[in-house]
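Undergrad: Sharing a structure below in structure tokens format, with a few things to ask.
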Amino acid sequence: MAIISDIQEEQQQKSPPQAKSASSSGSGSGSSSSGARVAATSFSTKFDRNNTSGFMEKVLEFLAQESDFMRRPTAERDLVAIFKAVRERERERKKMEEERKKKWAEEEEEEKMKKAEAEVKAKEEAKAETKVVAEEKKVEEKSGKRVPNKGNGLDMEKYSWTQSLQEVNIIIPVPAGTKSRDIVYEAKKNRLKFGLKGQPLIIDGELYQSIKPDDCLWSIEDQTAVSILLTKHNQLEWWKALLKGDPEIDTQKVEPEPSKLSDLDSETRQTVEKMMFDQRQKQMGLPTSEEMQKQEILKKFMSEHPEMDFSRAKIQ
């Protein structure tokens with residue numbers, strides 16, 4: 001509203017101050033009055049973004065009544081410029097508003113698509129997981145052996161166990177706040193006992209294979225579980241169960257960590273690698289490393305004795 005304030009200043013500059021009244025010589029009494037300032041005229045109206053024309057009409061009406069703006073030679077040009085500026089500003093505002101709404105709609109649509117994709121993916125994963133579980137259950141029912149857990153062991157009702165070629169690790173949940181003095185533990189070469197004082201033993205039986213008792217240990221984890229580490233005596237075989245008589249796992253589905261082989265000495269590592277190679281060869285119906293070696297010896301012998309007939313020779 002810079003135009004209105006300019007007009008008011010112009011009016012104040014043109015208005016002459018009131019002259020002081022002279023003293024009356026006949027009455028003997030004198031009086032004086034000071035000039036009053038021209039009061040600024042206030043302008044008040046409601047601005048509606050959806051009706052800028054109405055607002056501009058009020059402004060022009062105010063200017064026509066309170067100033068000589070409409071009598072200026074440039075009035076028409078100034079009005080056109082003002083209206084053009086107002087219209088342009090309004091168009092920009094509407095354009096920005098539309099762009100914001102469009103952006104919000106696109107973001108909302110994108111969010112809906114992401115949510116829908118996530119739901120579809122979750123359903124597909126759940127379906128695939130269900131299918132895998134069903135297939136594993138069929139295999140278990142057919143073979144009588146269970147699929148090992150992620151640690152190559154098995155999850156039992158009161159505990160779970162995992163294994164590497166060298167060790168067996170058992171995790172047993174216990175009541176919160178369990179102390180060392182509450183634990184009952186005994187590890188022998190072929191037997192393991194574990195429980196809590198005053199309660200039936202949780203584990204009590206003959207181990208699937210022998211261990212090294214002096215290299216075994218146990219600890220309480222966060223006062224909510226007990227971890228038992230058993231060191232295998234034979235570190236070249238996978239255990240099918242923790243205790244004899246327990247459900248057995250399918251050792252053909254065991255997934256050893258490749259990095260663990262580097263922890264073995266050279267001779268043991270070669271033996272393990274040979275066992276794994278032979279197992280894979282058997283599964284594919286191919287000769288094992290020993291059978292391949294015998295075939296190589298036979299070929300060499302045949303090349304050294306071409307006069308002999310080996311058509312009926314068999315490798316035992």
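The chains in the structure tokens are called A, B, ... from first to last as shown; in each chain the residues are counted from 1, and the ligands are counted from 1 in the order shown.
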Can you tell me which residues surround Gln279 (chain A) at a distance of at most 12 Å, considering only C-alpha atoms, apart from same-chain residues fewer than 5 positions away, and format the answer as number ranges by chain?
TA: A: 251-254, 272-274, 284-289
Undergrad: May I have the residues from that selection written out with all heavy atoms, as a compact mmCIF listing (two decimals), in the first residue's frame?
TA:
```txt
# COMPACT_ATOMS: atom_id res chain seq x y z
N THR A 251 23.08 -84.72 8.05
CA THR A 251 24.39 -84.08 7.93
C THR A 251 24.74 -83.69 6.50
O THR A 251 25.66 -82.90 6.28
CB THR A 251 25.49 -85.01 8.48
OG1 THR A 251 25.40 -86.29 7.85
CG2 THR A 251 25.34 -85.17 9.98
N GLN A 252 24.01 -84.23 5.51
CA GLN A 252 24.26 -83.83 4.13
C GLN A 252 23.79 -82.40 3.87
O GLN A 252 24.19 -81.77 2.90
CB GLN A 252 23.54 -84.78 3.16
CG GLN A 252 24.15 -86.18 3.14
CD GLN A 252 23.52 -87.06 2.08
OE1 GLN A 252 22.58 -86.66 1.40
NE2 GLN A 252 24.03 -88.27 1.95
N LYS A 253 22.94 -81.88 4.78
CA LYS A 253 22.46 -80.51 4.64
C LYS A 253 23.24 -79.53 5.52
O LYS A 253 22.88 -78.36 5.63
CB LYS A 253 20.97 -80.44 4.98
CG LYS A 253 20.10 -81.22 4.01
CD LYS A 253 18.64 -81.02 4.30
CE LYS A 253 17.77 -81.77 3.31
NZ LYS A 253 17.96 -81.25 1.92
N VAL A 254 24.29 -80.01 6.15
CA VAL A 254 25.13 -79.14 6.96
C VAL A 254 25.89 -78.18 6.06
O VAL A 254 26.37 -78.55 4.98
CB VAL A 254 26.12 -79.97 7.80
CG1 VAL A 254 27.22 -79.10 8.37
CG2 VAL A 254 25.39 -80.67 8.93
N VAL A 272 39.77 -82.85 5.67
CA VAL A 272 38.40 -82.32 5.63
C VAL A 272 38.00 -81.99 4.20
O VAL A 272 36.89 -82.31 3.75
CB VAL A 272 38.28 -81.07 6.52
CG1 VAL A 272 36.91 -80.42 6.34
CG2 VAL A 272 38.49 -81.44 7.99
N GLU A 273 38.88 -81.34 3.46
CA GLU A 273 38.58 -80.98 2.08
C GLU A 273 38.35 -82.23 1.23
O GLU A 273 37.49 -82.25 0.35
CB GLU A 273 39.73 -80.15 1.50
CG GLU A 273 39.79 -78.74 2.10
CD GLU A 273 41.02 -77.98 1.63
OE1 GLU A 273 41.93 -78.61 1.06
OE2 GLU A 273 41.07 -76.75 1.85
N LYS A 274 39.14 -83.29 1.51
CA LYS A 274 38.98 -84.55 0.78
C LYS A 274 37.61 -85.17 1.09
O LYS A 274 36.91 -85.65 0.18
CB LYS A 274 40.10 -85.51 1.17
CG LYS A 274 39.99 -86.90 0.52
CD LYS A 274 41.17 -87.77 0.95
CE LYS A 274 41.03 -89.19 0.40
NZ LYS A 274 39.84 -89.88 0.94
N MET A 284 26.70 -86.68 -6.78
CA MET A 284 26.55 -86.50 -8.22
C MET A 284 26.77 -87.79 -9.00
O MET A 284 26.74 -87.80 -10.23
CB MET A 284 27.54 -85.42 -8.72
CG MET A 284 27.24 -84.02 -8.20
SD MET A 284 28.30 -82.75 -8.91
CE MET A 284 29.88 -83.18 -8.16
N GLY A 285 27.05 -88.90 -8.28
CA GLY A 285 27.28 -90.18 -8.94
C GLY A 285 28.62 -90.27 -9.63
O GLY A 285 28.79 -91.03 -10.61
N LEU A 286 29.60 -89.52 -9.17
CA LEU A 286 30.94 -89.49 -9.76
C LEU A 286 31.93 -90.20 -8.85
O LEU A 286 31.66 -90.38 -7.65
CB LEU A 286 31.37 -88.04 -9.99
CG LEU A 286 30.47 -87.22 -10.94
CD1 LEU A 286 30.94 -85.77 -10.98
CD2 LEU A 286 30.48 -87.81 -12.35
N PRO A 287 33.10 -90.61 -9.38
CA PRO A 287 34.09 -91.32 -8.56
C PRO A 287 34.69 -90.44 -7.48
O PRO A 287 34.89 -89.24 -7.69
CB PRO A 287 35.16 -91.76 -9.59
CG PRO A 287 34.99 -90.81 -10.74
CD PRO A 287 33.54 -90.50 -10.79
N THR A 288 34.99 -91.06 -6.34
CA THR A 288 35.63 -90.33 -5.25
C THR A 288 37.11 -90.15 -5.56
O THR A 288 37.63 -90.66 -6.56
CB THR A 288 35.47 -91.11 -3.93
OG1 THR A 288 36.14 -92.38 -4.06
CG2 THR A 288 34.00 -91.35 -3.62
N SER A 289 37.81 -89.41 -4.69
CA SER A 289 39.24 -89.15 -4.92
C SER A 289 40.04 -90.47 -4.92
O SER A 289 40.97 -90.63 -5.71
CB SER A 289 39.76 -88.21 -3.83
OG SER A 289 39.52 -88.76 -2.54
```
Undergrad: Please provide the set of residues having any atom within 7 Å of region 196-204 of chain A, restricted to only C-alpha atoms, with same-chain residues fewer than 6 positions apart removed, written as a list in words.
TA: Asp182, Ile183 and Val184 of chain A
Undergrad: Do you know which residues are at most 7 Å from Ile172 (chain A) counting only C-alpha atoms, after dropping those on the same chain fewer than 6 positions away, and could you put them as an NGL selection string?
TA: :A and (158-160 or 225-227)
Undergrad: Tell me, which residues of region 165-305 of chain A carry DSSP strand (DSSP E or B), written as a VMD selection string?
TA: chain A and resid 167 to 173 183 to 187 191 to 196 203 to 207 211 217 to 221 225 to 232 243 249
Undergrad: Where in region 44-273 of chain A does DSSP assign helix (DSSP H, G or I), given as number ranges by chain?
TA: A: 52-66, 69-71, 75-143, 180-182, 213-215, 251-253, 258-261, 266-273
Undergrad: Can you work out the spacing between CA of Glu157 (chain A) and CA of Arg191 (chain A) in Å, to one decimal?
TA: 19.7 Å
Undergrad: I'd like the interatomic distance between CA of Pro213 (chain A) and CA of Ser180 (chain A), to a tenth of an Å.
TA: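 It comes out at 19.0 Å.
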Undergrad: What is the distance between CA of Asp246 (chain A) and CA of Met275 (chain A), in Å to one decimal?
TA: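 Rounded to one decimal, the two atoms are 25.4 Å apart.
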